[in-house]
Each structure stands twice: as structure tokens, then as C-alpha cells.
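Please read the structure below before turning to the comments.
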Amino acid sequence: MSSPDFSSSTLFLRLTHWLTDLKPMRMRVNARERWRVVVGAGIGLFLTALASMALSHGSPTIPWLIAPLGASAVLVFGLPASPLAQPWPVVGGNSVSALIGIACTLAWGPTPMTAAVAVALAIAAMFALRCLHPPGGASALLVVLLGTTDPRFALVPVFTHSFALALAGIVYNNATGKRYPHRQGVAAPVPSASHQPVFTEADLDTVLKRYNQVLDVSPDDLQALLAQTELESYRRRLGELRCRDVMSTDLVTVEFGDSLQDAWKLLRERRIKALPVVDKVRRVVGVVTLADFMRHADLDFHHGWVERLRSFITPSPTPYSTKPETVGQIMVRQVRVASADRRLSELVPLFADTGHHHIPIIDDDKRLVGIITQSDVVAALCRSH
């Protein structure tokens with residue numbers, strides 16, 4: 001019995017994987033966005049052609065459109081956030097590449113070698129000038145194929161056409177809700193004002209340098225997409241859990257007029273870090289924490305802190321006092337609360353990024369019904385696994 005041919009099977013698997021890699025990627029854009037791109041490219045090229053014909057006064061020696069603009073239109077209207085589609089790459093990339101193609105044609109004539117060298121030098125120049133634009137290579141190739149040696153061709157029609165198309169892109173993209181020009185290096189909005197991703201911009205820059213390839217997406221967009229993906233992961237893992245499903249209902253609260261001594265005793269006995277402050281109908285009016293006691297008792301210095309704390313929480317024997325006497329005098333009035341019906345996933349960024357350790361939970365009547373701590377969220381995340 002012959003042994004199986006492992007080399008043939010390995011080759012077959014590699015060929016299968018290679019053919020799979022050739023499969024077109026599914027476009028994750030809806031019909032409305034597709035029509036926006038289609039209409040925008042058509043309008044942009046049409047207006048560019050009209051402007052060119054008006055400027056050339058119908059001269060037969062000046063084309064009313066150049067072929068590379070078709071590819072530029074795909075980028076400007078289809079990928080307006082791409083670094084390769086911004087106005088400077090569109091105008092500078094096409095114009096500089098055309099100029100290089102003209103110089104190469106003047107030096108060596110329209111030959112296959114000239115075409116290859118012109119495109120290669122155009123790419124190098126676009127890298128150096130930070131205006132990498134794929135249709136720029138076509139601009140360099142076009143002037144070689146046409147045998148163009150007049151430097152004015154880089155100005156009219158290449159520069160004027162590219163400028164007109166970029167201007168049309170600015171007007172159309174912004175009118176249809178797409179930011180263009182898409183400023184590079186500016187932090188994009190994250191999913192919510194309170195959410196910051198677990199990675200920093202410096203982390204992303206380090207990974208991009210290691211990746212060492214041109215990306216057709218700006219770093220700020222990439223950062224925003226990763227942050228949204230992270231938040232979506234929280235939502236998926238936490239599912240439909242609501243605050244009421246995980247909140248602690250064994251509540252320890254104080255009122256505005258309660259003494260500091262009583263509040264401190266509750267914090268120590270219950271081994272908790274915060275006490276919600278409620279009014280007579282259990283509506284949250286503030287929160288008092290260990291940090292509030294430390295701040296008002298001036299406990300930043302370790303020497304003699306026990307005496308200072310004891311003096312701070314002990315009621316003054318006289319009707320008039322120069323120090324706080326009640327919870328309401330040291331509590332934090334700006335309290336972040338959440339409704340019992342709110343999704344737990346929406347609170348994750350608050351705990352992760354804003355320094356919150358506990359969030360009071362209220363019902364429809366704004367009354368305190370529970371509290372959620374970081375420990376409650378961690379436990380819910382563990383159960384979701």
C-alpha cells in the first residue's frame with residue numbers, strides 16, 4: 001500500500017487558499033451610498049469637462065478631459081476619507097507626475113523604457129511630496145504614450161482638470177454628508193463622548209510603522225473604527241443585560257444633614273468607598289466618598305493624619321463651626337446616574353475611562369433603586385464568557 005503524496009496535497013491546499021484569496025471582497029456599503037458615489041462621479045466629471053471647454057474656448061489641441069481623471073473621480077467620490085483622495089494628492093499627484101512624464105519624454109522619447117522610468121519616478125516624487133495618488137501614475141504614462149514634450153500640458157489640462165475635480169468633490173461630498181477634505185492626523189469622533197479606546201494614538205502609530213504599507217484609510221478613521229469595534233464587542237458580550245439585572249439593591253445611604261461621623265462609620269463598617277446622598281423621597285442629591293473625607297480633612301500628608309481625621313469627623317461642641325459638620329457640606333453634587341432599564345454595555349466606558357467606581361441606579365421616578373460598581377461589571381463580563 002503506497003503512502004499518501006503529502007507534497008501533492010500540500011500544493012493543492014495552497015492552490016485552494018490562493019484561489020480563495022482571489023475571491024472579491026463583499027462591499028459593506030448600502031445602496032444609498034453606492035448611488036451617492038455614482039451620481040457624484042458623474043456630476044464631477046461633467047462639470048470638470050464643461051469648465052475645461054470654457055477655459056480652452058473649444059481649442060482642438062486641448063482635451064476636454066484626460067483619462068486619469070476617471071480614476072481620480074472614483075477616489076474623490078467613492079473614498080473621500082482616503083489619504084490618497086485628498087485635494088493635494090489629486091492636484092499635486094496628477095500634475096507632478098505629468099511633469100515628470102514630460103521630462104522623461106524630452107530626454108529619451110516615447111519608448112517602453114521611458115514609460116516605465118516615468119511612472120517609477122512619478123511614484124517616488126509623490127512619496128516625497130506627500131501626494132501619493134494612484135491616477136498620478138496614469139498621468140505620467142499618458143504623456144509618454146502621447147509623446148508630449150510641452151511642459152504647459154502639466155498645467156493645462158492636467159492641473160486645471162484635477163483642480164476642478166477636487167473642487168467639485170469638496171462641494172458635492174460636503175453637501176451629501178461626507179467630510180472632504182478629510183483632515184489627516186485629527187482625532188475622529190469616538191462612539192460616545194465618554195468612551196476612549198484602550199489603545200493610544202502612539203500605540204496605533206507604532207503598529208502602523210511595523211506594518212509598513214500604504215493604507216487606504218486615514219489613521220484617525222482607523223482609530224475610530226477600532227474604538228467602535230471595541231464598544232460593539234462589549235455590547236455583544238453583555239447582550240441585553242440591563243442595569244437592573246446586575247445592580248446591588250442592598251443600599252447604604254445617607255441624607256444631606258447626617259453627621260460626618262455617622263457617614264464615616266458607615267463607610268468603615270460596610271467597607272465601601274461611596275455613599276449616595278438622598279433626600280426624603282430617595283432622590284439622589286449627591287455622593288460622598290472616602291476621597292471627599294481625605295480632601296476636606298487635609299490627609300495628603302501622612303504625619304498626624306489620624307488626629308486630623310478624628311478632629312474632622314468629631315462634631316463641634318459650639319453652635320458655630322469653622323469646619324464642615326454634615327454630609328451635605330462635603331458631598332459631590334454632580335452625580336452621574338443611570339436608569340435601571342439602561343443597557344449595561346453603555347456603562348462600560350464610564351467605568352473604564354472616566355474614573356467612576358460606582359454609579360447610582362434610579363427608576364422612572366428618579367428614585368434610587370440600586371448601585372452598580374466596577375466589580376458588578378467585571379462579574380457580568382466574566383459570566384458573558
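Every chain in the C-alpha cells takes a letter, A first, then B, and so on in the order presented; its residues are numbered from 1, and the ligands are numbered from 1 following the presented order.
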
Practice task
With a distance cut-off of 10 Å and only C-alpha atoms, select the neighbouring residues of region 173-179 of chain A, excluding the residue or stretch itself and same-chain residues fewer than 3 positions from it, and output the selection as a PyMOL selection string.
Solution key: chain A and resi 33+36-37+40+76-81+168-170+182-183

Output the selection as a tab-separated table (two decimals), in the first residue's frame - C-alpha atoms for each residue.
chain	number	residue	atom	x	y	z
A	33	GLU	CA	-24.03	55.24	-0.58
A	36	ARG	CA	-24.16	58.80	-3.93
A	37	VAL	CA	-20.78	57.77	-5.36
A	40	GLY	CA	-21.11	62.33	-7.61
A	76	VAL	CA	-12.65	61.55	-4.67
A	77	PHE	CA	-16.30	60.49	-4.59
A	78	GLY	CA	-16.02	56.83	-3.56
A	79	LEU	CA	-13.30	57.12	-0.91
A	80	PRO	CA	-13.42	60.74	0.28
A	81	ALA	CA	-11.74	59.84	3.60
A	168	ALA	CA	-16.40	69.55	-7.31
A	169	GLY	CA	-15.56	66.87	-4.74
A	170	ILE	CA	-15.41	69.44	-1.94
A	182	HIS	CA	-10.71	64.83	5.34
A	183	ARG	CA	-8.11	66.40	7.62

Exercise for the section: Please provide the set of residues having any atom within 9 Å of Gly147 (chain A), restricted to only C-alpha atoms, with same-chain residues fewer than 4 positions apart removed, written as a list of chain:residue names. Expected result: A:Ile102, A:Thr105, A:Leu106, A:Gly109, A:Pro110, A:Leu142, A:Val143

Handout entry: Spatial neighbours of Gln261 (chain A), 12 Å, only C-alpha atoms, chain gap at least 4 places, as a list in words
Key =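 The residues that qualify are Val254, Gly257, Lys265, Leu266, Leu267, Arg268, Phe293, Leu309, Arg310, Ser311, Phe312, Ile313, Thr314, Pro315, Ser316, Pro324, Glu325, Thr326 and Val327 of chain A.
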
Resulting file, chosen residues, N, CA and C atoms, as a PDB file, in the first residue's frame:
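Done, and the output landed in again_33.pdb:
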ATOM      1  N   VAL A 254     -27.068  57.926  52.964  1.00  0.00           N
ATOM      2  CA  VAL A 254     -27.118  58.964  53.990  1.00  0.00           C
ATOM      3  C   VAL A 254     -27.934  60.127  53.444  1.00  0.00           C
ATOM      4  N   GLY A 257     -28.306  66.110  55.874  1.00  0.00           N
ATOM      5  CA  GLY A 257     -27.994  66.624  57.204  1.00  0.00           C
ATOM      6  C   GLY A 257     -27.325  65.637  58.128  1.00  0.00           C
ATOM      7  N   LYS A 265     -18.553  56.247  59.798  1.00  0.00           N
ATOM      8  CA  LYS A 265     -18.764  54.954  60.434  1.00  0.00           C
ATOM      9  C   LYS A 265     -19.382  53.947  59.461  1.00  0.00           C
ATOM     10  N   LEU A 266     -20.328  54.408  58.648  1.00  0.00           N
ATOM     11  CA  LEU A 266     -20.941  53.519  57.654  1.00  0.00           C
ATOM     12  C   LEU A 266     -19.906  53.062  56.617  1.00  0.00           C
ATOM     13  N   LEU A 267     -19.080  53.993  56.164  1.00  0.00           N
ATOM     14  CA  LEU A 267     -18.062  53.635  55.170  1.00  0.00           C
ATOM     15  C   LEU A 267     -17.110  52.580  55.731  1.00  0.00           C
ATOM     16  N   ARG A 268     -16.712  52.738  56.988  1.00  0.00           N
ATOM     17  CA  ARG A 268     -15.769  51.795  57.591  1.00  0.00           C
ATOM     18  C   ARG A 268     -16.427  50.451  57.882  1.00  0.00           C
ATOM     19  N   PHE A 293     -13.623  62.799  52.224  1.00  0.00           N
ATOM     20  CA  PHE A 293     -13.135  62.948  53.590  1.00  0.00           C
ATOM     21  C   PHE A 293     -11.647  63.305  53.601  1.00  0.00           C
ATOM     22  N   LEU A 309      -8.050  63.415  61.075  1.00  0.00           N
ATOM     23  CA  LEU A 309      -9.313  62.794  60.677  1.00  0.00           C
ATOM     24  C   LEU A 309     -10.281  62.761  61.843  1.00  0.00           C
ATOM     25  N   ARG A 310      -9.777  62.384  63.017  1.00  0.00           N
ATOM     26  CA  ARG A 310     -10.649  62.324  64.193  1.00  0.00           C
ATOM     27  C   ARG A 310     -11.221  63.705  64.515  1.00  0.00           C
ATOM     28  N   SER A 311     -10.395  64.716  64.400  1.00  0.00           N
ATOM     29  CA  SER A 311     -10.855  66.083  64.657  1.00  0.00           C
ATOM     30  C   SER A 311     -11.862  66.534  63.615  1.00  0.00           C
ATOM     31  N   PHE A 312     -11.662  66.071  62.369  1.00  0.00           N
ATOM     32  CA  PHE A 312     -12.549  66.491  61.288  1.00  0.00           C
ATOM     33  C   PHE A 312     -13.953  65.925  61.445  1.00  0.00           C
ATOM     34  N   ILE A 313     -14.059  64.628  61.807  1.00  0.00           N
ATOM     35  CA  ILE A 313     -15.384  63.992  61.857  1.00  0.00           C
ATOM     36  C   ILE A 313     -16.084  64.196  63.200  1.00  0.00           C
ATOM     37  N   THR A 314     -15.353  64.652  64.207  1.00  0.00           N
ATOM     38  CA  THR A 314     -15.980  64.872  65.516  1.00  0.00           C
ATOM     39  C   THR A 314     -16.819  66.153  65.481  1.00  0.00           C
ATOM     40  N   PRO A 315     -18.084  66.082  65.907  1.00  0.00           N
ATOM     41  CA  PRO A 315     -18.930  67.278  65.898  1.00  0.00           C
ATOM     42  C   PRO A 315     -18.352  68.387  66.775  1.00  0.00           C
ATOM     43  N   SER A 316     -18.498  69.616  66.333  1.00  0.00           N
ATOM     44  CA  SER A 316     -18.033  70.762  67.121  1.00  0.00           C
ATOM     45  C   SER A 316     -18.951  70.959  68.317  1.00  0.00           C
ATOM     46  N   PRO A 324     -16.597  71.741  58.084  1.00  0.00           N
ATOM     47  CA  PRO A 324     -17.842  71.062  57.717  1.00  0.00           C
ATOM     48  C   PRO A 324     -18.329  70.156  58.839  1.00  0.00           C
ATOM     49  N   GLU A 325     -19.642  70.083  58.987  1.00  0.00           N
ATOM     50  CA  GLU A 325     -20.235  69.277  60.051  1.00  0.00           C
ATOM     51  C   GLU A 325     -21.150  68.178  59.515  1.00  0.00           C
ATOM     52  N   THR A 326     -21.683  68.385  58.320  1.00  0.00           N
ATOM     53  CA  THR A 326     -22.661  67.430  57.775  1.00  0.00           C
ATOM     54  C   THR A 326     -22.206  66.915  56.406  1.00  0.00           C
ATOM     55  N   VAL A 327     -22.837  65.829  56.014  1.00  0.00           N
ATOM     56  CA  VAL A 327     -22.526  65.203  54.724  1.00  0.00           C
ATOM     57  C   VAL A 327     -22.727  66.182  53.570  1.00  0.00           C
TER      58      VAL A 327
END

Problem - All alpha helix (DSSP H) positions in region 78-297 of chain A, as a ChimeraX atom specification - result: /A:78,87-88,94-108,112-128,134-146,160-175,201-211,219-238,243-246,260-270,290-296

Exercise for the section: Counting only C-alpha atoms, figure out which residue out of A:Lys323, A:Val171, A:Leu368, A:Ser82 gets nearest to Asp221 (chain A). Expected result: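 So, comparing all the options, the nearest one is A:Ser82.
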
Handout entry: Nearest-residue call for Leu204 (chain A), choices A:Pro87, A:Pro317, A:Pro219, A:Pro349, using only C-alpha atoms
Key =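 Ranking A:Pro87, A:Pro317, A:Pro219, A:Pro349 by distance to Leu204 (chain A), first place goes to A:Pro219.
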
Exercise for the section: Tell me, as a ChimeraX atom specification, which residues lie within 10 Å of Ser72 (chain A), counting only C-alpha atoms; anything in the same chain fewer than 3 positions away does not count. Expected result: /A:41,45,67-69,75-78,84-85,89-91,94,133-136,162,165-166

Residues within 12 Å of Val117 (chain A), please, as a CSV table (one decimal) with N, CA, C and O atoms, in the first residue's frame. Count only C-alpha atoms; anything in the same chain fewer than 6 positions from it doesn't count.
chain,number,residue,atom,x,y,z
A,97,SER,N,3.3,64.2,-11.6
A,97,SER,CA,3.5,63.0,-12.4
A,97,SER,C,3.5,63.4,-13.9
A,97,SER,O,4.4,62.8,-14.6
A,100,ILE,N,6.8,65.0,-14.7
A,100,ILE,CA,7.9,64.0,-14.8
A,100,ILE,C,7.8,63.2,-16.1
A,100,ILE,O,8.9,63.0,-16.7
A,101,GLY,N,6.6,62.9,-16.5
A,101,GLY,CA,6.5,62.1,-17.7
A,101,GLY,C,7.0,63.0,-18.9
A,101,GLY,O,7.6,62.5,-19.8
A,102,ILE,N,6.7,64.3,-18.9
A,102,ILE,CA,7.1,65.2,-20.0
A,102,ILE,C,8.6,65.3,-20.0
A,102,ILE,O,9.3,65.2,-21.1
A,103,ALA,N,9.2,65.4,-18.8
A,103,ALA,CA,10.7,65.5,-18.7
A,103,ALA,C,11.4,64.2,-19.3
A,103,ALA,O,12.4,64.2,-20.0
A,104,CYS,N,10.8,63.0,-18.9
A,104,CYS,CA,11.3,61.8,-19.4
A,104,CYS,C,11.2,61.6,-20.9
A,104,CYS,O,12.1,61.1,-21.6
A,105,THR,N,10.0,62.1,-21.5
A,105,THR,CA,9.8,62.0,-22.9
A,105,THR,C,10.8,62.9,-23.6
A,105,THR,O,11.3,62.6,-24.7
A,107,ALA,N,13.8,63.6,-22.6
A,107,ALA,CA,15.1,63.1,-22.5
A,107,ALA,C,15.3,61.8,-23.4
A,107,ALA,O,16.3,61.7,-24.1
A,108,TRP,N,14.3,60.9,-23.5
A,108,TRP,CA,14.5,59.7,-24.1
A,108,TRP,C,13.5,59.3,-25.2
A,108,TRP,O,13.6,58.3,-25.9
A,109,GLY,N,12.5,60.2,-25.4
A,109,GLY,CA,11.5,59.9,-26.4
A,109,GLY,C,10.4,58.9,-25.9
A,109,GLY,O,10.6,58.2,-24.8
A,110,PRO,N,9.4,58.7,-26.6
A,110,PRO,CA,8.3,57.8,-26.2
A,110,PRO,C,8.6,56.3,-26.4
A,110,PRO,O,8.3,55.7,-27.4
A,111,THR,N,9.3,55.7,-25.5
A,111,THR,CA,9.7,54.3,-25.6
A,111,THR,C,9.2,53.5,-24.4
A,111,THR,O,8.8,54.1,-23.4
A,123,ILE,N,6.1,57.9,-9.0
A,123,ILE,CA,5.7,57.4,-7.6
A,123,ILE,C,6.7,57.9,-6.6
A,123,ILE,O,6.3,58.3,-5.5
A,124,ALA,N,8.0,57.9,-6.9
A,124,ALA,CA,9.0,58.4,-5.9
A,124,ALA,C,8.7,59.9,-5.6
A,124,ALA,O,8.8,60.3,-4.4
A,137,GLY,N,0.2,57.9,-11.5
A,137,GLY,CA,1.0,57.0,-12.4
A,137,GLY,C,0.4,57.0,-13.8
A,137,GLY,O,1.2,56.9,-14.8
A,140,ALA,N,1.6,60.2,-15.7
A,140,ALA,CA,2.9,60.1,-16.2
A,140,ALA,C,2.9,59.2,-17.4
A,140,ALA,O,3.6,59.5,-18.4
A,141,LEU,N,2.2,58.1,-17.4
A,141,LEU,CA,2.2,57.2,-18.5
A,141,LEU,C,1.5,57.8,-19.7
A,141,LEU,O,1.9,57.6,-20.9
A,144,VAL,N,3.7,60.1,-21.8
A,144,VAL,CA,4.7,59.3,-22.6
A,144,VAL,C,4.1,58.7,-23.8
A,144,VAL,O,4.6,58.7,-24.9

Set the distance at 12 Å and use only C-alpha atoms: which residues neighbour Asp279 (chain A) once local chain neighbours fewer than 6 positions away are removed? I'd like the list as a PDB file with N, CA, C and O atoms, in the first residue's frame.
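File produced: around_11.pdb:
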ATOM      1  N   THR A 253     -27.292  54.340  52.421  1.00  0.00           N
ATOM      2  CA  THR A 253     -27.369  55.741  52.012  1.00  0.00           C
ATOM      3  C   THR A 253     -27.296  56.658  53.232  1.00  0.00           C
ATOM      4  O   THR A 253     -27.446  56.224  54.372  1.00  0.00           O
ATOM      5  N   VAL A 254     -27.068  57.926  52.964  1.00  0.00           N
ATOM      6  CA  VAL A 254     -27.118  58.964  53.990  1.00  0.00           C
ATOM      7  C   VAL A 254     -27.934  60.127  53.444  1.00  0.00           C
ATOM      8  O   VAL A 254     -28.217  60.191  52.243  1.00  0.00           O
ATOM      9  N   GLU A 255     -28.325  61.022  54.337  1.00  0.00           N
ATOM     10  CA  GLU A 255     -29.066  62.201  53.935  1.00  0.00           C
ATOM     11  C   GLU A 255     -28.194  63.447  54.110  1.00  0.00           C
ATOM     12  O   GLU A 255     -27.130  63.412  54.740  1.00  0.00           O
ATOM     13  N   PHE A 256     -28.654  64.527  53.528  1.00  0.00           N
ATOM     14  CA  PHE A 256     -27.901  65.781  53.484  1.00  0.00           C
ATOM     15  C   PHE A 256     -27.445  66.233  54.871  1.00  0.00           C
ATOM     16  O   PHE A 256     -26.302  66.667  55.052  1.00  0.00           O
ATOM     17  N   GLY A 257     -28.306  66.110  55.874  1.00  0.00           N
ATOM     18  CA  GLY A 257     -27.994  66.624  57.204  1.00  0.00           C
ATOM     19  C   GLY A 257     -27.325  65.637  58.128  1.00  0.00           C
ATOM     20  O   GLY A 257     -27.058  65.964  59.297  1.00  0.00           O
ATOM     21  N   ASP A 258     -27.025  64.416  57.653  1.00  0.00           N
ATOM     22  CA  ASP A 258     -26.372  63.426  58.514  1.00  0.00           C
ATOM     23  C   ASP A 258     -24.966  63.892  58.883  1.00  0.00           C
ATOM     24  O   ASP A 258     -24.274  64.559  58.105  1.00  0.00           O
ATOM     25  N   VAL A 285     -29.169  63.313  45.562  1.00  0.00           N
ATOM     26  CA  VAL A 285     -28.776  64.724  45.542  1.00  0.00           C
ATOM     27  C   VAL A 285     -27.263  64.879  45.579  1.00  0.00           C
ATOM     28  O   VAL A 285     -26.738  65.988  45.452  1.00  0.00           O
ATOM     29  N   GLY A 286     -26.551  63.781  45.759  1.00  0.00           N
ATOM     30  CA  GLY A 286     -25.100  63.857  45.789  1.00  0.00           C
ATOM     31  C   GLY A 286     -24.505  62.515  46.139  1.00  0.00           C
ATOM     32  O   GLY A 286     -25.205  61.510  46.267  1.00  0.00           O
ATOM     33  N   VAL A 287     -23.191  62.498  46.312  1.00  0.00           N
ATOM     34  CA  VAL A 287     -22.489  61.293  46.734  1.00  0.00           C
ATOM     35  C   VAL A 287     -21.287  61.728  47.567  1.00  0.00           C
ATOM     36  O   VAL A 287     -20.634  62.730  47.283  1.00  0.00           O
ATOM     37  N   GLY A 328     -23.793  66.976  53.649  1.00  0.00           N
ATOM     38  CA  GLY A 328     -24.107  67.888  52.566  1.00  0.00           C
ATOM     39  C   GLY A 328     -23.046  68.928  52.303  1.00  0.00           C
ATOM     40  O   GLY A 328     -22.985  69.510  51.213  1.00  0.00           O
ATOM     41  N   LYS A 366     -37.049  58.770  39.268  1.00  0.00           N
ATOM     42  CA  LYS A 366     -35.773  59.362  39.695  1.00  0.00           C
ATOM     43  C   LYS A 366     -35.370  58.950  41.103  1.00  0.00           C
ATOM     44  O   LYS A 366     -34.511  59.568  41.718  1.00  0.00           O
ATOM     45  N   ARG A 367     -36.002  57.906  41.645  1.00  0.00           N
ATOM     46  CA  ARG A 367     -35.665  57.450  42.985  1.00  0.00           C
ATOM     47  C   ARG A 367     -34.558  56.396  42.921  1.00  0.00           C
ATOM     48  O   ARG A 367     -34.520  55.579  42.000  1.00  0.00           O
ATOM     49  N   LEU A 368     -33.704  56.386  43.918  1.00  0.00           N
ATOM     50  CA  LEU A 368     -32.595  55.440  43.970  1.00  0.00           C
ATOM     51  C   LEU A 368     -33.117  54.024  44.216  1.00  0.00           C
ATOM     52  O   LEU A 368     -33.860  53.781  45.166  1.00  0.00           O
TER      53      LEU A 368
END
